[in-house]
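target13.pdb, holding PDB, C-alpha atoms, pLDDT in the B column:
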ATOM      1  CA  MET A  77     143.164 210.244  97.396  1.00 54.00           C
ATOM      2  CA  VAL A  78     142.573 211.661  93.930  1.00 55.00           C
ATOM      3  CA  ASN A  79     145.995 213.294  93.690  1.00 61.00           C
ATOM      4  CA  LYS A  80     147.900 210.205  94.826  1.00 70.00           C
ATOM      5  CA  THR A  81     146.169 207.667  92.566  1.00 71.00           C
ATOM      6  CA  PRO A  82     147.317 207.258  88.938  1.00 76.00           C
ATOM      7  CA  PHE A  83     144.912 208.348  86.158  1.00 71.00           C
ATOM      8  CA  SER A  84     144.554 204.826  84.790  1.00 79.00           C
ATOM      9  CA  LYS A  85     143.651 203.366  88.187  1.00 78.00           C
ATOM     10  CA  LEU A  86     141.092 206.112  88.872  1.00 76.00           C
ATOM     11  CA  ALA A  87     139.583 205.611  85.415  1.00 79.00           C
ATOM     12  CA  GLU A  88     139.311 201.886  86.039  1.00 80.00           C
ATOM     13  CA  LEU A  89     137.755 202.312  89.489  1.00 76.00           C
ATOM     14  CA  THR A  90     135.310 205.072  88.579  1.00 77.00           C
ATOM     15  CA  ASN A  91     134.464 204.222  84.943  1.00 81.00           C
ATOM     16  CA  LEU A  92     135.349 207.791  83.975  1.00 82.00           C
ATOM     17  CA  SER A  93     137.725 208.887  81.204  1.00 85.00           C
ATOM     18  CA  LYS A  94     141.399 209.514  81.876  1.00 84.00           C
ATOM     19  CA  SER A  95     141.014 212.917  80.224  1.00 86.00           C
ATOM     20  CA  TYR A  96     138.268 213.973  82.653  1.00 85.00           C
ATOM     21  CA  ILE A  97     140.242 212.703  85.656  1.00 82.00           C
ATOM     22  CA  SER A  98     143.328 214.580  84.432  1.00 83.00           C
ATOM     23  CA  GLN A  99     141.323 217.805  84.192  1.00 85.00           C
ATOM     24  CA  VAL A 100     139.918 217.301  87.701  1.00 82.00           C
ATOM     25  CA  LYS A 101     143.380 216.648  89.121  1.00 80.00           C
ATOM     26  CA  LYS A 102     144.726 219.809  87.454  1.00 82.00           C
ATOM     27  CA  GLY A 103     141.806 221.867  88.758  1.00 82.00           C
ATOM     28  CA  LYS A 104     140.430 222.627  85.288  1.00 88.00           C
ATOM     29  CA  LYS A 105     137.140 220.837  85.941  1.00 84.00           C
ATOM     30  CA  ALA A 106     135.037 220.432  89.049  1.00 84.00           C
ATOM     31  CA  ILE A 107     134.682 216.942  90.442  1.00 81.00           C
ATOM     32  CA  SER A 108     131.382 215.366  89.399  1.00 82.00           C
ATOM     33  CA  SER A 109     128.898 213.686  91.709  1.00 81.00           C
ATOM     34  CA  LYS A 110     129.499 210.432  89.812  1.00 81.00           C
ATOM     35  CA  MET A 111     133.192 210.613  90.667  1.00 80.00           C
ATOM     36  CA  LEU A 112     132.454 211.493  94.303  1.00 80.00           C
ATOM     37  CA  VAL A 113     130.157 208.496  94.630  1.00 80.00           C
ATOM     38  CA  ALA A 114     132.727 206.194  93.018  1.00 76.00           C
ATOM     39  CA  LEU A 115     135.522 207.479  95.257  1.00 76.00           C
ATOM     40  CA  SER A 116     133.432 207.272  98.425  1.00 77.00           C
ATOM     41  CA  ALA A 117     132.782 203.603  97.686  1.00 74.00           C
ATOM     42  CA  LEU A 118     136.558 203.057  97.767  1.00 72.00           C
ATOM     43  CA  LEU A 119     137.042 204.567 101.221  1.00 74.00           C
ATOM     44  CA  PRO A 120     137.291 202.223 104.195  1.00 74.00           C
ATOM     45  CA  GLU A 121     134.054 201.840 106.115  1.00 73.00           C
ATOM     46  CA  LYS A 122     133.864 203.861 109.302  1.00 69.00           C
ATOM     47  CA  LYS A 123     133.255 201.821 112.386  1.00 73.00           C
ATOM     48  CA  ASN A 124     131.178 202.995 115.288  1.00 72.00           C
ATOM     49  CA  PRO A 125     133.132 203.148 118.535  1.00 78.00           C
ATOM     50  CA  ASP A 126     132.377 200.644 121.282  1.00 84.00           C
ATOM     51  CA  TYR A 127     130.582 203.030 123.613  1.00 85.00           C
ATOM     52  CA  LEU A 128     130.245 200.446 126.372  1.00 88.00           C
ATOM     53  CA  ALA A 129     134.003 199.862 126.453  1.00 90.00           C
ATOM     54  CA  LEU A 130     134.647 203.609 126.396  1.00 90.00           C
ATOM     55  CA  PHE A 131     132.236 204.158 129.284  1.00 91.00           C
ATOM     56  CA  LEU A 132     133.736 201.327 131.355  1.00 92.00           C
ATOM     57  CA  HIS A 133     137.237 202.661 130.729  1.00 91.00           C
ATOM     58  CA  SER A 134     136.150 206.135 131.849  1.00 91.00           C
ATOM     59  CA  ARG A 135     134.755 204.677 135.081  1.00 91.00           C
ATOM     60  CA  GLN A 136     137.971 202.734 135.721  1.00 90.00           C
ATOM     61  CA  SER A 137     140.013 205.881 135.206  1.00 88.00           C
ATOM     62  CA  ILE A 138     138.154 207.673 138.002  1.00 91.00           C
ATOM     63  CA  GLY A 139     138.671 204.792 140.422  1.00 91.00           C
ATOM     64  CA  VAL A 140     135.318 202.971 140.423  1.00 92.00           C
ATOM     65  CA  THR A 141     135.608 199.532 142.057  1.00 94.00           C
ATOM     66  CA  ASN A 142     135.809 196.347 139.985  1.00 94.00           C
ATOM     67  CA  ASN A 143     132.435 195.201 141.382  1.00 96.00           C
ATOM     68  CA  THR A 144     130.810 198.410 140.155  1.00 95.00           C
ATOM     69  CA  ILE A 145     132.487 198.020 136.745  1.00 93.00           C
ATOM     70  CA  GLU A 146     131.111 194.473 136.491  1.00 95.00           C
ATOM     71  CA  PHE A 147     127.663 195.722 137.485  1.00 95.00           C
ATOM     72  CA  TYR A 148     127.766 198.439 134.820  1.00 94.00           C
ATOM     73  CA  LYS A 149     129.059 195.968 132.258  1.00 93.00           C
ATOM     74  CA  ASN A 150     126.320 193.391 132.923  1.00 93.00           C
ATOM     75  CA  MET A 151     123.444 195.850 133.173  1.00 92.00           C
ATOM     76  CA  LEU A 152     124.440 197.944 130.170  1.00 91.00           C
ATOM     77  CA  ALA A 153     125.210 194.898 128.002  1.00 87.00           C
ATOM     78  CA  GLU A 154     121.720 193.575 128.796  1.00 87.00           C
ATOM     79  CA  PHE A 155     120.236 196.982 127.994  1.00 88.00           C
ATOM     80  CA  ILE A 156     122.105 197.231 124.685  1.00 83.00           C
ATOM     81  CA  ALA A 157     121.003 193.717 123.715  1.00 82.00           C
ATOM     82  CA  THR A 158     117.314 194.505 124.297  1.00 84.00           C
ATOM     83  CA  VAL A 159     117.091 198.046 122.933  1.00 81.00           C
ATOM     84  CA  HIS A 160     117.087 198.580 119.200  1.00 67.00           C
ATOM     85  CA  PHE A 161     118.841 201.790 118.341  1.00 62.00           C
ATOM     86  CA  ARG A 162     119.896 203.406 115.104  1.00 60.00           C
ATOM     87  CA  LYS A 163     123.600 203.003 114.387  1.00 58.00           C
ATOM     88  CA  GLY A 164     125.556 205.767 112.737  1.00 52.00           C
ATOM     89  CA  PRO A 165     124.468 209.020 111.141  1.00 52.00           C
TER      90      PRO A 165
END
This structure in structure tokens:
Amino acid sequence: MVNKTPFSKLAELTNLSKSYISQVKKGKKAISSKMLVALSALLPEKKNPDYLALFLHSRQSIGVTNNTIEFYKNMLAEFIATVHFRKGP
């Protein structure tokens, strides 16, 4: 991301000087934590996979009947709705 973005755009997005960004891009200076934080804020947010859909698909792929899939879907959806779990790392 750093190498493909123009100096002026990086300076604008990170509130760091063009000179510093140029030195980082050329490998003359190490990237600062301030720049890492600014750049990480620009990355798209990671989405957690839909584990229920993945599980149901895995069951379909091994030949489980549609009635069993519906049972899993209803029971697990109810479970997920009532259990509070921590999302993401």
Fewer than 5 positions away in the same chain doesn't count, so skip those; otherwise give me all residues within 12 Å of Ala129 in chain A, counting only C-alpha atoms, as a list in words.
Asn124, Ser134, Arg135, Gln136, Ile145, Glu146, Tyr148, Lys149, Asn150, Leu152 and Ala153 of chain A
Centre, edges in Å (one decimal): axis-aligned box, range 82-97 of chain A, 8 Å padding on all six sides, as JSON:
{"center_x": 140.9, "center_y": 207.9, "center_z": 84.9, "size_x": 28.9, "size_y": 28.1, "size_z": 25.3}
Best match for closeness to Ala117 in chain A among A:Leu132, A:Leu89, A:Ile138, A:Val100, counting only C-alpha atoms
A:Leu89
Suppose you want the space between CA of Ile107 in chain A and CA of Pro120 in chain A; what is it in Å?
20.3 Å
What is the CA of Gly139 in chain A-CA of Phe155 in chain A distance in Å, reported with one decimal?
23.6 Å
Can you pull out every residue within 12 Å of Ser95 in chain A, counting all atoms listed in the file, but drop anything in the same chain fewer than 6 positions away, and send it as a PyMOL selection string?
chain A and resi 83-84+86-87+101-102+104-105
Could you write out as a PyMOL selection string the residues that the PyMOL selection byres ((chain A and resi 115) around 9) matches in the shown file?
chain A and resi 77-78+86+89-90+110-114+116-119
How far is it from CA of Thr144 in chain A to CA of Leu130 in chain A, in Å with one decimal?
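Atom-to-atom, CA of Thr144 in chain A to CA of Leu130 in chain A, that is 15.2 Å.
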